[in-house]
Amino acid sequence: VPILVPPTLTSLLALSRRYRGLTLVLTFLCYTSYHLSRKPISIVKSQLHPNCSALGPNPHNDSNSSTWCSWAPFDGDNYKELFGALDNAFLVAYAIGMFISGIFGERLPLRYYLSGGMVLSGLFTALFGLGYFWGIHVLWYFIVVQVCNGLVQTTGWPSVVACVGNWFGKGKRGLIMGIWNSHTSVGNILGSLIAGVWVSSAWGLSFIVPGIIIAAVGIICFFFLVEYPEDVGCSPPLHHVMTTNEKDPEAVTSNEGPLSISGRSSTDHSDSPTEPTEEPEAISFLGALRIPGVVEFSLCLLFAKLVSYTFLYWLPLYIVNVGEFLGTARQERAWQGEHLLTPLLSLAAHFGAKEAGDLSTLFDVGGILGGIFAGLISDYTGGRATTCCVMLVVAAPMLFLYNHVGQNGIGTSIAMLIVCGALVNGPYALITTAVSADLGTHESLKGNAKALSTVTAIIDGTGSIGAALGPLLAGLISPTGWNNVFYMLIAADVLACLLLARVVVKEVRGWCGYMARKRGYVRT
């Protein structure tokens with residue numbers, strides 16, 4: 001009779017590490033593909049309404065020579081408003097759907113929910129691009145596709161954050177999730193580069209190829225993603241620090257390994273992990289709102305995401321428009337025989353749609369660095385809100401400088417885009433990852449991990465309202481001048497910082513109390 005040898009502690013630790021690594025990689029690829037499929041619209045905008053006069057005479061002898069190469073219905077003077085409508089069709093649907101998505105995510109298998117949403121996202125992304133090959137020129141078709149895509153894309157964020165939160169404890173969550181959250185910027189970069197390949201020749205492929213990619217990654221996710229450590233014989237991580245009465249210093253050796261809180265491996269328990277136990281109830285919407293910090297961080301993310309998504313959807317068009325303005329100004333001065341004395345006119349060349357898309361990826365490169373930096377600092381200091389607030393304070397003047405001196409040369413433009421990307425996307429990344437996971441596993445929940453997806457959906461759903469408002473306001477304000485758009489973004493950054501004031505004060509008081517105890521001084 002074969003003797004069953006229980007697995008050793010070393011083998012359990014190795015098994016847990018492998019599955020944690022697999023979860024990080026799969027969820028990273030999943031959300032990278034989500035953002036990869038969202039980015040093409042910002043790259044294609046400048047091709048839907050290009051400067052046709054720069055392409056030569058109209059081969060069809062149409063009287064409207066300045067728009068003969070534009071794609072109807074975006075060939076009118078109101079094209080910026082129509083672009084804003086496209087953005088908001090997606091983003092409003094996304095914001096509304098996000099509040100519902102978290103509730104479904106708590107009650108449905110995450111693997112099915114995530115992979116199904118990715119396949120549907122691929123379908124609707126491809127349908128937008130097929131409008132090019134089918135010769136569709138009616139606005140309602142593109143609006144409906146954007147609305148449907150916005151709804152199904154809400155399956156992504158609550159699911160991937162819940163999966164990562166199920167596998168990782170709070171120990172180095174900020175750094176781990178800061179690195180992991182670079183999927184947002186990596187997806188934007190890849191989406192820009194992939195869309196840029198076909199934007200000038202057949203812009204429909206700029207949507208179809210990303211649609212195929214996200215659907216393929218969704219199928220891979222369906223077969224390989226493991227939702228819970230218990231599903232493979234590992235114990236869940238420790239999500240919050242226990243009180244002195246609860247803590248056994250000899251029992252808990254790792255908050256991320258396969259050890260349970262009692263110090264025994266999952267195979268040492270008399271009760272098998274697969275044995276049915278009492279399932280905790282999913283938290284209600286109002287119950288999630290009562291968790292300390294959820295409201296403050298949600299409202300802060302509304303304004304932080306407003307800034308980030310305005311850059312996501314409008315930065316390539318801004319680069320193209322500013323290049324056209326500078327090129328026209330240089331020509332006028334050349335005709336007048338004047339020298340280019342103003343630094344503003346020293347930017348070398350007018351950027352086309354592909355070049356502007358490539359340059360805009362530097363903002364996302366900065367976002368990767370900012371997310372990692374924010375996670376590292378917040379882990380070291382323990383101050384998530386303070387880290388966000390400091391970065392938002394510095395971001396406001398940097399946005400002003402980018403608008404006014406960021407076009408002084410290609411080197412200046414590259415440096416400013418990276419710095420602005422780090423300062424804008426750093427707080428956004430920290431709130432949507434480490435902060436959401438912290439609040440979703442808050443000690444007030446008494447170990448009920450069912451709240452994680454709902455809390456994540458509330459925070460990101462509120463942020464998505466800002467994501468919808470930002471591009472909408474940019475479309476309405478940009479005809480009055482890009483300066484006014486940047487003033488709006490600066491105001492949003494300041495408001496985001498102010499909304500965290502109460503949490504920042506609480507963190508600072510905690511630090512002061514800790515320092516006082518460390519010096520042996522206790523207030524009476």
# chains A, B, ... in the order shown; residues from 1 in each chain; ligands from 1

$ residues_around --residues "Asn166 of chain A" --least-positions-apart "6" --cutoff "8 Å" --atoms "only C-alpha atoms" --output "list in words"
Glu227, Tyr228, Pro229, Pro236, Pro237 and Ala449 of chain A

$ residues_around --residues "segment 109-115 of chain A" --least-positions-apart "5" --cutoff "10 Å" --atoms "only C-alpha atoms" --output "JSON, numbers by chain"
{"A": [27, 30, 101, 104, 120, 121, 152, 153, 154, 155, 156, 157, 158, 159, 160, 162, 163, 214, 215, 216, 217, 218, 219, 220, 221, 222, 223, 224, 225, 226, 227, 228, 453]}

$ residues_around --residues "segment 186-191 of chain A" --least-positions-apart "3" --cutoff "7 Å" --atoms "only C-alpha atoms" --output "NGL selection string"
:A and (32-33 or 35-37 or 39-40 or 182-183 or 194-195 or 361 or 364)

$ write_last_selection --atoms "C-alpha atoms" --output "mmCIF file, in the first residue's frame"
data_model
loop_
_atom_site.group_PDB
_atom_site.id
_atom_site.type_symbol
_atom_site.label_atom_id
_atom_site.label_comp_id
_atom_site.auth_asym_id
_atom_site.auth_seq_id
_atom_site.Cartn_x
_atom_site.Cartn_y
_atom_site.Cartn_z
ATOM 1 C CA THR A 32 -2.454 45.238 -20.651
ATOM 2 C CA SER A 33 -4.714 43.958 -23.429
ATOM 3 C CA HIS A 35 -5.746 49.214 -22.322
ATOM 4 C CA LEU A 36 -4.190 48.129 -25.599
ATOM 5 C CA SER A 37 -7.716 47.918 -27.060
ATOM 6 C CA LYS A 39 -5.838 53.322 -27.085
ATOM 7 C CA PRO A 40 -6.456 53.164 -30.894
ATOM 8 C CA SER A 182 2.504 49.304 -15.198
ATOM 9 C CA HIS A 183 0.180 47.168 -17.347
ATOM 10 C CA ILE A 194 0.149 48.833 -32.970
ATOM 11 C CA ALA A 195 -2.476 51.365 -34.017
ATOM 12 C CA THR A 361 3.814 56.948 -25.437
ATOM 13 C CA ASP A 364 2.906 56.342 -20.380
#

$ closest_atom_pairs --of "segment 37-148 of chain A" --to "segment 476-479 of chain A" --cutoff "9 Å" --atoms "only C-alpha atoms" --output "tab-separated table"
residue	atom	partner	partner_atom	distance
A:Lys80	CA	A:Leu476	CA	7.7
A:Glu81	CA	A:Leu476	CA	6.4
A:Gly84	CA	A:Leu476	CA	7.7

$ select_by_dssp --residues "segment 339-434 of chain A" --states "helix (DSSP H, G or I)" --output "PyMOL selection string"
chain A and resi 343-346+353-381+384-405+410-434

$ atom_distance --atom1 "atom CA of Leu127 of chain A" --atom2 "atom CA of Leu472 of chain A"
23.0 Å

$ closest_residue --among "A:Tyr79, A:Phe90, A:Trp180, A:Tyr514" --to "Lys45 of chain A" --atoms "only C-alpha atoms"
A:Tyr79

$ closest_residue --among "A:Cys388, A:Leu469, A:Leu362, A:Leu376" --to "Ala496 of chain A" --atoms "only C-alpha atoms"
A:Cys388

$ residues_around --residues "segment 381-383 of chain A" --least-positions-apart "2" --cutoff "9 Å" --atoms "only C-alpha atoms" --output "ChimeraX atom specification"
/A:376-379,385-388,504,507-508,511

$ closest_residue --among "A:Asn321, A:Ala93, A:Tyr19, A:Phe303" --to "Asp231 of chain A" --atoms "only C-alpha atoms"
A:Tyr19

$ atom_distance --atom1 "atom CA of Cys148 of chain A" --atom2 "atom CA of Gly178 of chain A"
29.9 Å

$ closest_residue --among "A:Ala356, A:Leu499, A:Ile465, A:Ile410" --to "Val199 of chain A" --atoms "only C-alpha atoms"
A:Ala356

$ residues_around --residues "Tyr487 of chain A" --least-positions-apart "4" --cutoff "8 Å" --atoms "only C-alpha atoms" --output "list of chain:residue names"
A:Phe400, A:Asn483, A:Ala491
